[in-house]
Amino acid sequence: METSRRSFLKGAVGTAAVAAAATLSIPAEAAKAPKKWDVTTDVVVIGFGGAGATTAISAAQNGANVVVLEKNPENHHISNTRMSGGIFHCPDKDGDKAALKAYAKAMFSGENIPWKEEGEIPEYSDPLAQLWADLTPTNLDFLKSLDPTFIGGTQPGFNKASFGNFPGAKECKYNAYRSTYLKRMKTFNDVSYGLPKDQTSSGEAFWLCLATGVKKQGNKIRVLWETPAFQLVKDTKGNVIGALGKHNGKTVAVRARKAVVICSGGYEYSKPMRQAFLEGPGVTGWAFYGTTSNTGDGIAMGMAAGAGLEKVGKSAARIIVPTLDKCNGMRIGSITPSVGSPHSIVVDNFGKRYEAETKVTDNPSRYFFYKAAVQFDINTLSYPRTPSWMIFDDQLFKSKPLVGLGISTVGYGLTKWSKDNTSALNSGLIVKADSIKELGEKIKHIEENKMRMVPDNLVQTVEQFNKFCDEKKDEAFGRRAVTLGRIDKGPFYAMPLVAGGPNTKGGLLFDGRHRVLTWEGKPIPRLYTVGEISSVLKFVYQGGGNLTECLVYGRSVGKEVAGLPNLKA
């Protein structure tokens, strides 16, 4: 690999938490080739999460030299991959491959489901589903080839197809694993970040396995830390031949002989993109519990180079607590697995339940429950469920942390939450009262409620729920009976919940080979994309799907771009 300006390859140590979160200024068009390139390589990868790492590994294994442009510094590199639960799909090898392809196609676009109204990516779902069927059963093998000490641990509830009525669900023998290096898996409340590899589980273990794989490739993969890409470069024939990044305020021009692959994630912390793309109040009505580095840079760069967009408003999301900490003016969320626990309910701004709370955290509904939260009332011209309110009693408050402490934003230090929940209570995020009616009055005077709460409604709702608990049957919404625990031990509490989750899923328009397309459906020569910026899981989402597509399409794209002929300088 030919390089100059060696300092760019060493990775400066910096403060970058604030810098990484800032939205880049993206030019409105692709750049022309500079007179002099600072770095020349075969393949340029933009973003160093699970998608970028897998793509880089695959390209290197197939003979290419790779340069990765990464926004964060090496000592503060916190991606969605690391912050995740570390779950990835790996169907049993003896399952029916045709059935596996059919199940994948149903998740991606649904055009093979008779009652489905409209397909997402129907033009390209067939080759994408074929790759899924070909490669997902080997995901664990691939990871263990990178690091033989890596363990794919069994994760109850994830070892089957979430959508049992989809084509192929029974015959494909679907399965998923959770990442770990420990024989005894850590819980989601146990922190792995910052510990030695052999003491990690979840997304941290998944990432460290990929990082080990990157190191195995030696100098075939170079990471330019603290060098966010901001513009793609085209030649006179329209080929994407490189990218421009910024390092310490200076432009770094990186040439790609073969291709550029955008793996820069979604737009969770881009205010203008959230306002443009998300349903409902895109800023105040949403929160995310992934990395603050995802500001939609790749989407903007791709558009400037002529890319079309696809289902940009899609998210892997439910309802979660928005903490009081902010980034780019938006509240940082936290994973909230306590929703649906005994001794709790969820109500709208008027004090009424609207769904079985277990749907928020149960498969298959948990990663598209946000659709219920952002419902628009055409009569009042408002969003009655934004925010929603989790109502619970002292039994739940004292029994466990309300949020996940070991992964997500708390586990990686982006926000804080005490094990006994008192930090959220003391900050005012959680509201406390001696009676349900008093709790309703307090919610009514919280700014986000806009004086909509009807305390008597809340009292009646809790009374009705307690009756369902006594009868062991939720007559209103069919909530799972095992979670029906009375709300009757004061004091009582309320916590806001808004639409949100780990990441957005929509972005650049792409084809069955993950080539970036124009609005007219024509490939932009030598430009590819992998990951959340171009997720295949546009119709529905099964937990662990994002890590899975990193492994599947990172491997396929890495191999393809490595085999491309070199472009002439």
# chains A, B, ... in the order shown; residues from 1 in each chain; ligands from 1
>>> closest_atom_pairs(of="region 225-283 of chain A", to="region 328-331 of chain A", cutoff="8 Å", atoms="only C-alpha atoms", output="JSON lines")
{"residue": "A:Tyr269", "atom": "CA", "partner": "A:Asn328", "partner_atom": "CA", "distance": 6.6}
{"residue": "A:Ser270", "atom": "CA", "partner": "A:Asn328", "partner_atom": "CA", "distance": 7.5}
{"residue": "A:Lys271", "atom": "CA", "partner": "A:Asn328", "partner_atom": "CA", "distance": 7.3}
{"residue": "A:Val283", "atom": "CA", "partner": "A:Met330", "partner_atom": "CA", "distance": 6.4}
>>> write_last_selection(atoms="N, CA and C atoms", output="PDB file, in the first residue's frame")
ATOM      1  N   TYR A 269     -28.336  11.121  15.530  1.00  0.00           N
ATOM      2  CA  TYR A 269     -28.011  12.393  16.182  1.00  0.00           C
ATOM      3  C   TYR A 269     -27.827  13.531  15.186  1.00  0.00           C
ATOM      4  N   SER A 270     -28.551  13.467  14.094  1.00  0.00           N
ATOM      5  CA  SER A 270     -28.642  14.588  13.157  1.00  0.00           C
ATOM      6  C   SER A 270     -30.017  15.215  13.310  1.00  0.00           C
ATOM      7  N   LYS A 271     -30.080  16.383  13.868  1.00  0.00           N
ATOM      8  CA  LYS A 271     -31.373  17.049  14.082  1.00  0.00           C
ATOM      9  C   LYS A 271     -32.124  17.287  12.777  1.00  0.00           C
ATOM     10  N   VAL A 283     -37.602  15.306  16.866  1.00  0.00           N
ATOM     11  CA  VAL A 283     -36.561  15.657  17.839  1.00  0.00           C
ATOM     12  C   VAL A 283     -37.028  15.337  19.255  1.00  0.00           C
TER      13      VAL A 283
END
>>> closest_residue(among="A:Thr54, A:Thr336, A:Ser264, A:Thr251", to="Thr529 (chain A)", atoms="only C-alpha atoms")
A:Ser264
>>> residues_around(residues="region 183-188 of chain A", least_positions_apart="3", cutoff="8 Å", atoms="only C-alpha atoms", output="list in words")
Gly85, Ile151, Gly153, Thr180, Val191, Thr200, Ser201, Ser202, Gly404, Leu405, Gly406 and Ile407 of chain A
>>> residues_around(residues="region 125-141 of chain A", least_positions_apart="4", cutoff="7 Å", atoms="only C-alpha atoms", output="ChimeraX atom specification")
/A:89-93,97,100-101,104-105,108-109,121,145,152,512,551-552
>>> write_last_selection(atoms="all heavy atoms", output="compact mmCIF listing (two decimals), in the first residue's frame")
# COMPACT_ATOMS: atom_id res chain seq x y z
N HIS A 89 -27.70 -13.62 14.05
CA HIS A 89 -28.42 -14.77 13.56
C HIS A 89 -27.46 -15.79 12.96
O HIS A 89 -26.50 -15.43 12.27
CB HIS A 89 -29.43 -14.37 12.48
CG HIS A 89 -30.39 -13.31 12.91
ND1 HIS A 89 -31.37 -12.81 12.09
CD2 HIS A 89 -30.54 -12.64 14.09
CE1 HIS A 89 -32.08 -11.89 12.72
NE2 HIS A 89 -31.58 -11.76 13.93
N CYS A 90 -27.76 -17.06 13.20
CA CYS A 90 -26.96 -18.14 12.62
C CYS A 90 -27.83 -19.39 12.56
O CYS A 90 -27.76 -20.26 13.43
CB CYS A 90 -25.71 -18.38 13.46
SG CYS A 90 -24.54 -19.55 12.72
N PRO A 91 -28.70 -19.49 11.54
CA PRO A 91 -29.58 -20.65 11.42
C PRO A 91 -28.80 -21.95 11.36
O PRO A 91 -27.65 -21.98 10.91
CB PRO A 91 -30.33 -20.38 10.11
CG PRO A 91 -30.22 -18.90 9.91
CD PRO A 91 -28.90 -18.51 10.47
N ASP A 92 -29.44 -23.02 11.80
CA ASP A 92 -28.78 -24.33 11.78
C ASP A 92 -28.46 -24.73 10.34
O ASP A 92 -29.26 -24.51 9.42
CB ASP A 92 -29.69 -25.38 12.41
CG ASP A 92 -29.94 -25.10 13.89
OD1 ASP A 92 -29.22 -24.29 14.48
OD2 ASP A 92 -30.89 -25.71 14.44
N LYS A 93 -27.31 -25.34 10.17
CA LYS A 93 -26.85 -25.68 8.82
C LYS A 93 -27.71 -26.74 8.15
O LYS A 93 -27.72 -26.85 6.92
CB LYS A 93 -25.39 -26.14 8.87
CG LYS A 93 -24.43 -25.01 9.22
CD LYS A 93 -23.00 -25.52 9.30
CE LYS A 93 -22.05 -24.39 9.69
NZ LYS A 93 -20.65 -24.86 9.83
N LYS A 97 -32.61 -24.56 2.98
CA LYS A 97 -32.06 -23.30 2.45
C LYS A 97 -33.11 -22.50 1.67
O LYS A 97 -33.13 -21.27 1.73
CB LYS A 97 -30.86 -23.59 1.55
CG LYS A 97 -29.62 -24.05 2.31
CD LYS A 97 -29.10 -22.92 3.21
CE LYS A 97 -27.86 -23.36 3.97
NZ LYS A 97 -26.71 -23.63 3.11
N LEU A 100 -35.13 -20.82 4.21
CA LEU A 100 -34.39 -19.72 4.80
C LEU A 100 -34.43 -18.49 3.90
O LEU A 100 -34.61 -17.36 4.37
CB LEU A 100 -32.94 -20.15 5.07
CG LEU A 100 -32.02 -19.11 5.71
CD1 LEU A 100 -32.61 -18.55 7.00
CD2 LEU A 100 -30.64 -19.73 5.97
N LYS A 101 -34.28 -18.71 2.61
CA LYS A 101 -34.38 -17.60 1.67
C LYS A 101 -35.77 -16.97 1.70
O LYS A 101 -35.93 -15.75 1.69
CB LYS A 101 -34.05 -18.07 0.26
CG LYS A 101 -34.14 -16.97 -0.79
CD LYS A 101 -33.80 -17.50 -2.18
CE LYS A 101 -33.95 -16.40 -3.23
NZ LYS A 101 -33.62 -16.89 -4.60
N ALA A 104 -36.15 -14.91 4.86
CA ALA A 104 -35.40 -13.65 4.75
C ALA A 104 -36.16 -12.67 3.86
O ALA A 104 -36.28 -11.48 4.20
CB ALA A 104 -34.02 -13.93 4.19
N LYS A 105 -36.65 -13.13 2.73
CA LYS A 105 -37.38 -12.24 1.82
C LYS A 105 -38.61 -11.66 2.51
O LYS A 105 -38.94 -10.48 2.33
CB LYS A 105 -37.78 -12.99 0.56
CG LYS A 105 -38.50 -12.11 -0.45
CD LYS A 105 -38.93 -12.86 -1.69
CE LYS A 105 -37.75 -13.14 -2.61
NZ LYS A 105 -38.21 -13.59 -3.95
N PHE A 108 -37.41 -8.88 4.74
CA PHE A 108 -36.87 -7.74 4.01
C PHE A 108 -37.96 -6.90 3.36
O PHE A 108 -37.97 -5.69 3.47
CB PHE A 108 -35.90 -8.21 2.92
CG PHE A 108 -34.68 -8.94 3.43
CD1 PHE A 108 -33.80 -9.52 2.54
CD2 PHE A 108 -34.42 -9.05 4.79
CE1 PHE A 108 -32.67 -10.19 2.98
CE2 PHE A 108 -33.29 -9.73 5.25
CZ PHE A 108 -32.42 -10.31 4.34
N SER A 109 -38.86 -7.58 2.61
CA SER A 109 -39.81 -6.84 1.80
C SER A 109 -41.24 -7.33 1.92
O SER A 109 -42.18 -6.57 1.72
CB SER A 109 -39.41 -6.89 0.33
OG SER A 109 -39.45 -8.23 -0.14
N ILE A 121 -37.95 -2.71 -0.95
CA ILE A 121 -36.88 -3.25 -1.80
C ILE A 121 -37.29 -4.51 -2.55
O ILE A 121 -36.53 -5.47 -2.61
CB ILE A 121 -35.57 -3.49 -1.00
CG1 ILE A 121 -35.78 -4.43 0.19
CG2 ILE A 121 -34.96 -2.19 -0.57
CD1 ILE A 121 -34.45 -4.87 0.85
N SER A 145 -13.34 -18.18 13.07
CA SER A 145 -12.14 -18.18 12.23
C SER A 145 -11.27 -16.96 12.51
O SER A 145 -10.05 -17.01 12.34
CB SER A 145 -12.52 -18.23 10.75
OG SER A 145 -13.02 -16.97 10.29
N GLY A 152 -20.18 -18.39 20.76
CA GLY A 152 -21.55 -18.03 20.44
C GLY A 152 -22.47 -18.66 21.46
O GLY A 152 -22.75 -19.86 21.40
N GLY A 512 -29.10 -5.55 -5.15
CA GLY A 512 -28.85 -6.85 -4.57
C GLY A 512 -27.41 -7.15 -4.28
O GLY A 512 -27.10 -8.13 -3.58
N LEU A 551 -22.26 -9.01 9.08
CA LEU A 551 -21.49 -10.20 8.75
C LEU A 551 -21.78 -10.71 7.34
O LEU A 551 -20.86 -11.10 6.61
CB LEU A 551 -21.79 -11.31 9.76
CG LEU A 551 -21.44 -11.03 11.22
CD1 LEU A 551 -21.86 -12.20 12.10
CD2 LEU A 551 -19.95 -10.75 11.40
N VAL A 552 -23.04 -10.71 6.97
CA VAL A 552 -23.43 -11.26 5.66
C VAL A 552 -22.96 -10.36 4.52
O VAL A 552 -22.22 -10.80 3.62
CB VAL A 552 -24.95 -11.46 5.60
CG1 VAL A 552 -25.40 -11.80 4.17
CG2 VAL A 552 -25.39 -12.56 6.56
>>> select_by_dssp(residues="region 435-482 of chain A", states="helix (DSSP H, G or I)", output="NGL selection string")
:A and (436-444 or 447-449 or 455-471 or 481-482)
>>> write_last_selection(atoms="C-alpha atoms", output="tab-separated table (two decimals), in the first residue's frame")
chain	number	residue	atom	x	y	z
A	436	ILE	CA	-52.14	7.48	41.80
A	437	LYS	CA	-54.32	10.61	41.61
A	438	GLU	CA	-51.50	12.78	42.93
A	439	LEU	CA	-49.18	11.14	40.40
A	440	GLY	CA	-51.61	12.09	37.63
A	441	GLU	CA	-51.63	15.70	38.84
A	442	LYS	CA	-47.85	15.82	38.80
A	443	ILE	CA	-47.65	14.37	35.28
A	444	LYS	CA	-50.19	16.96	34.12
A	447	GLU	CA	-43.97	20.33	30.30
A	448	GLU	CA	-44.04	17.38	27.87
A	449	ASN	CA	-47.57	16.44	28.96
A	455	PRO	CA	-55.89	12.17	36.88
A	456	ASP	CA	-59.24	10.39	37.23
A	457	ASN	CA	-58.51	8.50	33.99
A	458	LEU	CA	-55.22	7.31	35.47
A	459	VAL	CA	-56.94	6.20	38.68
A	460	GLN	CA	-59.54	4.24	36.70
A	461	THR	CA	-56.88	2.71	34.46
A	462	VAL	CA	-54.84	1.46	37.41
A	463	GLU	CA	-57.96	0.11	39.12
A	464	GLN	CA	-58.95	-1.77	35.97
A	465	PHE	CA	-55.42	-3.15	35.54
A	466	ASN	CA	-55.36	-4.36	39.14
A	467	LYS	CA	-58.66	-6.15	38.51
A	468	PHE	CA	-57.08	-7.88	35.49
A	469	CYS	CA	-54.19	-8.91	37.73
A	470	ASP	CA	-56.59	-10.45	40.26
A	471	GLU	CA	-58.33	-12.35	37.46
A	481	ALA	CA	-50.49	-13.27	32.29
A	482	VAL	CA	-47.14	-13.90	33.99
>>> select_by_dssp(residues="region 103-201 of chain A", states="strand (DSSP E or B)", output="PDB file with all heavy atoms, in the first residue's frame")
ATOM      1  N   ILE A 151     -17.006 -17.243  21.642  1.00  0.00           N
ATOM      2  CA  ILE A 151     -18.084 -18.195  21.927  1.00  0.00           C
ATOM      3  C   ILE A 151     -19.417 -17.601  21.475  1.00  0.00           C
ATOM      4  O   ILE A 151     -19.729 -16.442  21.781  1.00  0.00           O
ATOM      5  CB  ILE A 151     -18.173 -18.518  23.427  1.00  0.00           C
ATOM      6  CG1 ILE A 151     -16.868 -19.145  23.928  1.00  0.00           C
ATOM      7  CG2 ILE A 151     -19.354 -19.443  23.728  1.00  0.00           C
ATOM      8  CD1 ILE A 151     -16.792 -19.284  25.452  1.00  0.00           C
ATOM      9  N   GLY A 152     -20.182 -18.394  20.759  1.00  0.00           N
ATOM     10  CA  GLY A 152     -21.553 -18.026  20.440  1.00  0.00           C
ATOM     11  C   GLY A 152     -22.467 -18.662  21.463  1.00  0.00           C
ATOM     12  O   GLY A 152     -22.754 -19.859  21.400  1.00  0.00           O
ATOM     13  N   GLY A 153     -22.910 -17.878  22.432  1.00  0.00           N
ATOM     14  CA  GLY A 153     -23.721 -18.419  23.516  1.00  0.00           C
ATOM     15  C   GLY A 153     -25.195 -18.467  23.161  1.00  0.00           C
ATOM     16  O   GLY A 153     -25.704 -17.607  22.444  1.00  0.00           O
ATOM     17  N   THR A 154     -25.882 -19.467  23.660  1.00  0.00           N
ATOM     18  CA  THR A 154     -27.322 -19.580  23.441  1.00  0.00           C
ATOM     19  C   THR A 154     -28.048 -18.457  24.171  1.00  0.00           C
ATOM     20  O   THR A 154     -27.752 -18.159  25.330  1.00  0.00           O
ATOM     21  CB  THR A 154     -27.842 -20.932  23.943  1.00  0.00           C
ATOM     22  OG1 THR A 154     -27.171 -21.967  23.225  1.00  0.00           O
ATOM     23  CG2 THR A 154     -29.341 -21.059  23.728  1.00  0.00           C
ATOM     24  N   ALA A 176     -30.166 -17.986  16.659  1.00  0.00           N
ATOM     25  CA  ALA A 176     -29.327 -16.821  16.903  1.00  0.00           C
ATOM     26  C   ALA A 176     -28.473 -17.084  18.141  1.00  0.00           C
ATOM     27  O   ALA A 176     -28.834 -17.884  19.006  1.00  0.00           O
ATOM     28  CB  ALA A 176     -30.171 -15.566  17.093  1.00  0.00           C
ATOM     29  N   TYR A 177     -27.344 -16.403  18.193  1.00  0.00           N
ATOM     30  CA  TYR A 177     -26.416 -16.538  19.312  1.00  0.00           C
ATOM     31  C   TYR A 177     -26.099 -15.173  19.900  1.00  0.00           C
ATOM     32  O   TYR A 177     -26.273 -14.146  19.244  1.00  0.00           O
ATOM     33  CB  TYR A 177     -25.109 -17.197  18.855  1.00  0.00           C
ATOM     34  CG  TYR A 177     -25.266 -18.608  18.351  1.00  0.00           C
ATOM     35  CD1 TYR A 177     -25.386 -18.869  16.991  1.00  0.00           C
ATOM     36  CD2 TYR A 177     -25.290 -19.683  19.236  1.00  0.00           C
ATOM     37  CE1 TYR A 177     -25.531 -20.167  16.523  1.00  0.00           C
ATOM     38  CE2 TYR A 177     -25.430 -20.979  18.787  1.00  0.00           C
ATOM     39  CZ  TYR A 177     -25.548 -21.221  17.427  1.00  0.00           C
ATOM     40  OH  TYR A 177     -25.697 -22.499  16.966  1.00  0.00           O
ATOM     41  N   ARG A 178     -25.610 -15.200  21.126  1.00  0.00           N
ATOM     42  CA  ARG A 178     -25.137 -13.974  21.766  1.00  0.00           C
ATOM     43  C   ARG A 178     -23.634 -14.097  21.987  1.00  0.00           C
ATOM     44  O   ARG A 178     -23.127 -15.143  22.390  1.00  0.00           O
ATOM     45  CB  ARG A 178     -25.852 -13.750  23.091  1.00  0.00           C
ATOM     46  CG  ARG A 178     -25.466 -12.439  23.762  1.00  0.00           C
ATOM     47  CD  ARG A 178     -26.398 -12.120  24.916  1.00  0.00           C
ATOM     48  NE  ARG A 178     -25.760 -11.210  25.858  1.00  0.00           N
ATOM     49  CZ  ARG A 178     -25.791 -11.326  27.161  1.00  0.00           C
ATOM     50  NH1 ARG A 178     -26.457 -12.318  27.720  1.00  0.00           N
ATOM     51  NH2 ARG A 178     -25.183 -10.459  27.943  1.00  0.00           N
ATOM     52  N   SER A 179     -22.938 -13.032  21.738  1.00  0.00           N
ATOM     53  CA  SER A 179     -21.475 -13.030  21.756  1.00  0.00           C
ATOM     54  C   SER A 179     -20.916 -13.027  23.172  1.00  0.00           C
ATOM     55  O   SER A 179     -21.397 -12.307  24.049  1.00  0.00           O
ATOM     56  CB  SER A 179     -20.954 -11.801  21.009  1.00  0.00           C
ATOM     57  OG  SER A 179     -21.495 -11.737  19.711  1.00  0.00           O
ATOM     58  N   THR A 180     -19.864 -13.804  23.369  1.00  0.00           N
ATOM     59  CA  THR A 180     -19.203 -13.839  24.673  1.00  0.00           C
ATOM     60  C   THR A 180     -17.825 -14.480  24.545  1.00  0.00           C
ATOM     61  O   THR A 180     -17.543 -15.202  23.580  1.00  0.00           O
ATOM     62  CB  THR A 180     -20.050 -14.606  25.713  1.00  0.00           C
ATOM     63  OG1 THR A 180     -19.457 -14.491  26.999  1.00  0.00           O
ATOM     64  CG2 THR A 180     -20.167 -16.069  25.337  1.00  0.00           C
ATOM     65  N   SER A 201     -18.760  -9.949  27.301  1.00  0.00           N
ATOM     66  CA  SER A 201     -19.912 -10.536  26.622  1.00  0.00           C
ATOM     67  C   SER A 201     -20.597  -9.426  25.829  1.00  0.00           C
ATOM     68  O   SER A 201     -20.167  -8.280  25.827  1.00  0.00           O
ATOM     69  CB  SER A 201     -20.903 -11.141  27.628  1.00  0.00           C
ATOM     70  OG  SER A 201     -20.366 -12.265  28.281  1.00  0.00           O
TER      71      SER A 201
END
>>> closest_residue(among="A:Tyr367, A:Tyr412, A:Trp389, A:Phe477", to="Gly500 (chain A)", atoms="only C-alpha atoms")
A:Tyr367
>>> closest_residue(among="A:Leu547, A:Ile335, A:Leu527, A:Ile262", to="Gly86 (chain A)", atoms="only C-alpha atoms")
A:Leu547
>>> closest_residue(among="A:Gly544, A:Pro272, A:Gly490, A:Pro228", to="Gly47 (chain A)", atoms="only C-alpha atoms")
A:Pro228
>>> atom_distance(atom1="CA of Leu143 (chain A)", atom2="CA of Gln155 (chain A)")
17.0 Å
>>> residues_around(residues="Ala356 (chain A)", least_positions_apart="4", cutoff="8 Å", atoms="only C-alpha atoms", output="tab-separated table (two decimals) with all heavy atoms, in the first residue's frame")
chain	number	residue	atom	x	y	z
A	340	GLY	N	-43.21	-3.34	30.69
A	340	GLY	CA	-43.94	-4.61	30.64
A	340	GLY	C	-43.70	-5.50	31.85
A	340	GLY	O	-44.22	-6.62	31.92
A	360	VAL	N	-43.86	-4.19	23.91
A	360	VAL	CA	-42.72	-3.27	23.80
A	360	VAL	C	-41.39	-4.02	23.85
A	360	VAL	O	-40.42	-3.65	23.19
A	360	VAL	CB	-42.78	-2.21	24.92
A	360	VAL	CG1	-41.58	-1.28	24.83
A	360	VAL	CG2	-44.07	-1.41	24.84
A	477	PHE	N	-56.17	-5.88	26.55
A	477	PHE	CA	-55.14	-5.95	25.51
A	477	PHE	C	-54.43	-7.30	25.43
A	477	PHE	O	-53.55	-7.47	24.59
A	477	PHE	CB	-54.11	-4.83	25.72
A	477	PHE	CG	-54.71	-3.45	25.65
A	477	PHE	CD1	-54.92	-2.71	26.81
A	477	PHE	CD2	-55.09	-2.90	24.44
A	477	PHE	CE1	-55.49	-1.44	26.76
A	477	PHE	CE2	-55.66	-1.64	24.37
A	477	PHE	CZ	-55.86	-0.90	25.53
A	478	GLY	N	-54.75	-8.23	26.29
A	478	GLY	CA	-54.16	-9.56	26.19
A	478	GLY	C	-52.71	-9.64	26.60
A	478	GLY	O	-51.96	-10.47	26.08
A	479	ARG	N	-52.29	-8.82	27.53
A	479	ARG	CA	-50.91	-8.88	28.02
A	479	ARG	C	-50.62	-10.25	28.63
A	479	ARG	O	-51.50	-10.90	29.20
A	479	ARG	CB	-50.72	-7.77	29.06
A	479	ARG	CG	-49.38	-7.74	29.75
A	479	ARG	CD	-49.24	-6.44	30.52
A	479	ARG	NE	-48.26	-6.51	31.58
A	479	ARG	CZ	-47.90	-5.46	32.34
A	479	ARG	NH1	-48.46	-4.28	32.13
A	479	ARG	NH2	-47.01	-5.60	33.29
>>> atom_distance(atom1="CA of Phe277 (chain A)", atom2="CA of Val312 (chain A)")
6.1 Å
>>> residues_around(residues="Gln395 (chain A)", least_positions_apart="4", cutoff="9 Å", atoms="only C-alpha atoms", output="list in words")
Pro342, His343, Ser399, Ile487, Asp488, Lys489 and Gly490 of chain A
>>> write_last_selection(atoms="N, CA, C and O atoms", output="mmCIF file, in the first residue's frame")
data_model
loop_
_atom_site.group_PDB
_atom_site.id
_atom_site.type_symbol
_atom_site.label_atom_id
_atom_site.label_comp_id
_atom_site.auth_asym_id
_atom_site.auth_seq_id
_atom_site.Cartn_x
_atom_site.Cartn_y
_atom_site.Cartn_z
ATOM 1 N N PRO A 342 -44.053 -6.786 35.808
ATOM 2 C CA PRO A 342 -45.133 -6.743 36.799
ATOM 3 C C PRO A 342 -45.086 -5.440 37.596
ATOM 4 O O PRO A 342 -44.016 -4.835 37.762
ATOM 5 N N HIS A 343 -46.229 -4.993 38.046
ATOM 6 C CA HIS A 343 -46.380 -3.777 38.849
ATOM 7 C C HIS A 343 -46.166 -2.512 38.018
ATOM 8 O O HIS A 343 -45.785 -1.468 38.552
ATOM 9 N N SER A 399 -36.991 -3.256 42.960
ATOM 10 C CA SER A 399 -36.632 -4.638 42.621
ATOM 11 C C SER A 399 -35.468 -4.765 41.652
ATOM 12 O O SER A 399 -34.728 -5.759 41.690
ATOM 13 N N ILE A 487 -50.453 -2.843 40.781
ATOM 14 C CA ILE A 487 -49.797 -1.568 41.118
ATOM 15 C C ILE A 487 -50.509 -1.051 42.360
ATOM 16 O O ILE A 487 -51.507 -0.331 42.289
ATOM 17 N N ASP A 488 -50.014 -1.430 43.531
ATOM 18 C CA ASP A 488 -50.758 -1.102 44.757
ATOM 19 C C ASP A 488 -49.873 -0.835 45.969
ATOM 20 O O ASP A 488 -50.386 -0.601 47.069
ATOM 21 N N LYS A 489 -48.567 -0.872 45.802
ATOM 22 C CA LYS A 489 -47.667 -0.622 46.925
ATOM 23 C C LYS A 489 -47.000 0.746 46.740
ATOM 24 O O LYS A 489 -46.056 0.901 45.978
ATOM 25 N N GLY A 490 -47.530 1.757 47.438
ATOM 26 C CA GLY A 490 -46.977 3.093 47.299
ATOM 27 C C GLY A 490 -45.632 3.234 47.986
ATOM 28 O O GLY A 490 -45.240 2.386 48.792
#
>>> closest_residue(among="A:Asn72, A:Thr236, A:Asn379, A:Gln542", to="Lys160 (chain A)", atoms="only C-alpha atoms")
A:Gln542
>>> residues_around(residues="Phe163 (chain A)", least_positions_apart="4", cutoff="9 Å", atoms="only C-alpha atoms", output="VMD selection string")
chain A and resid 103 107 169 363 to 364 542
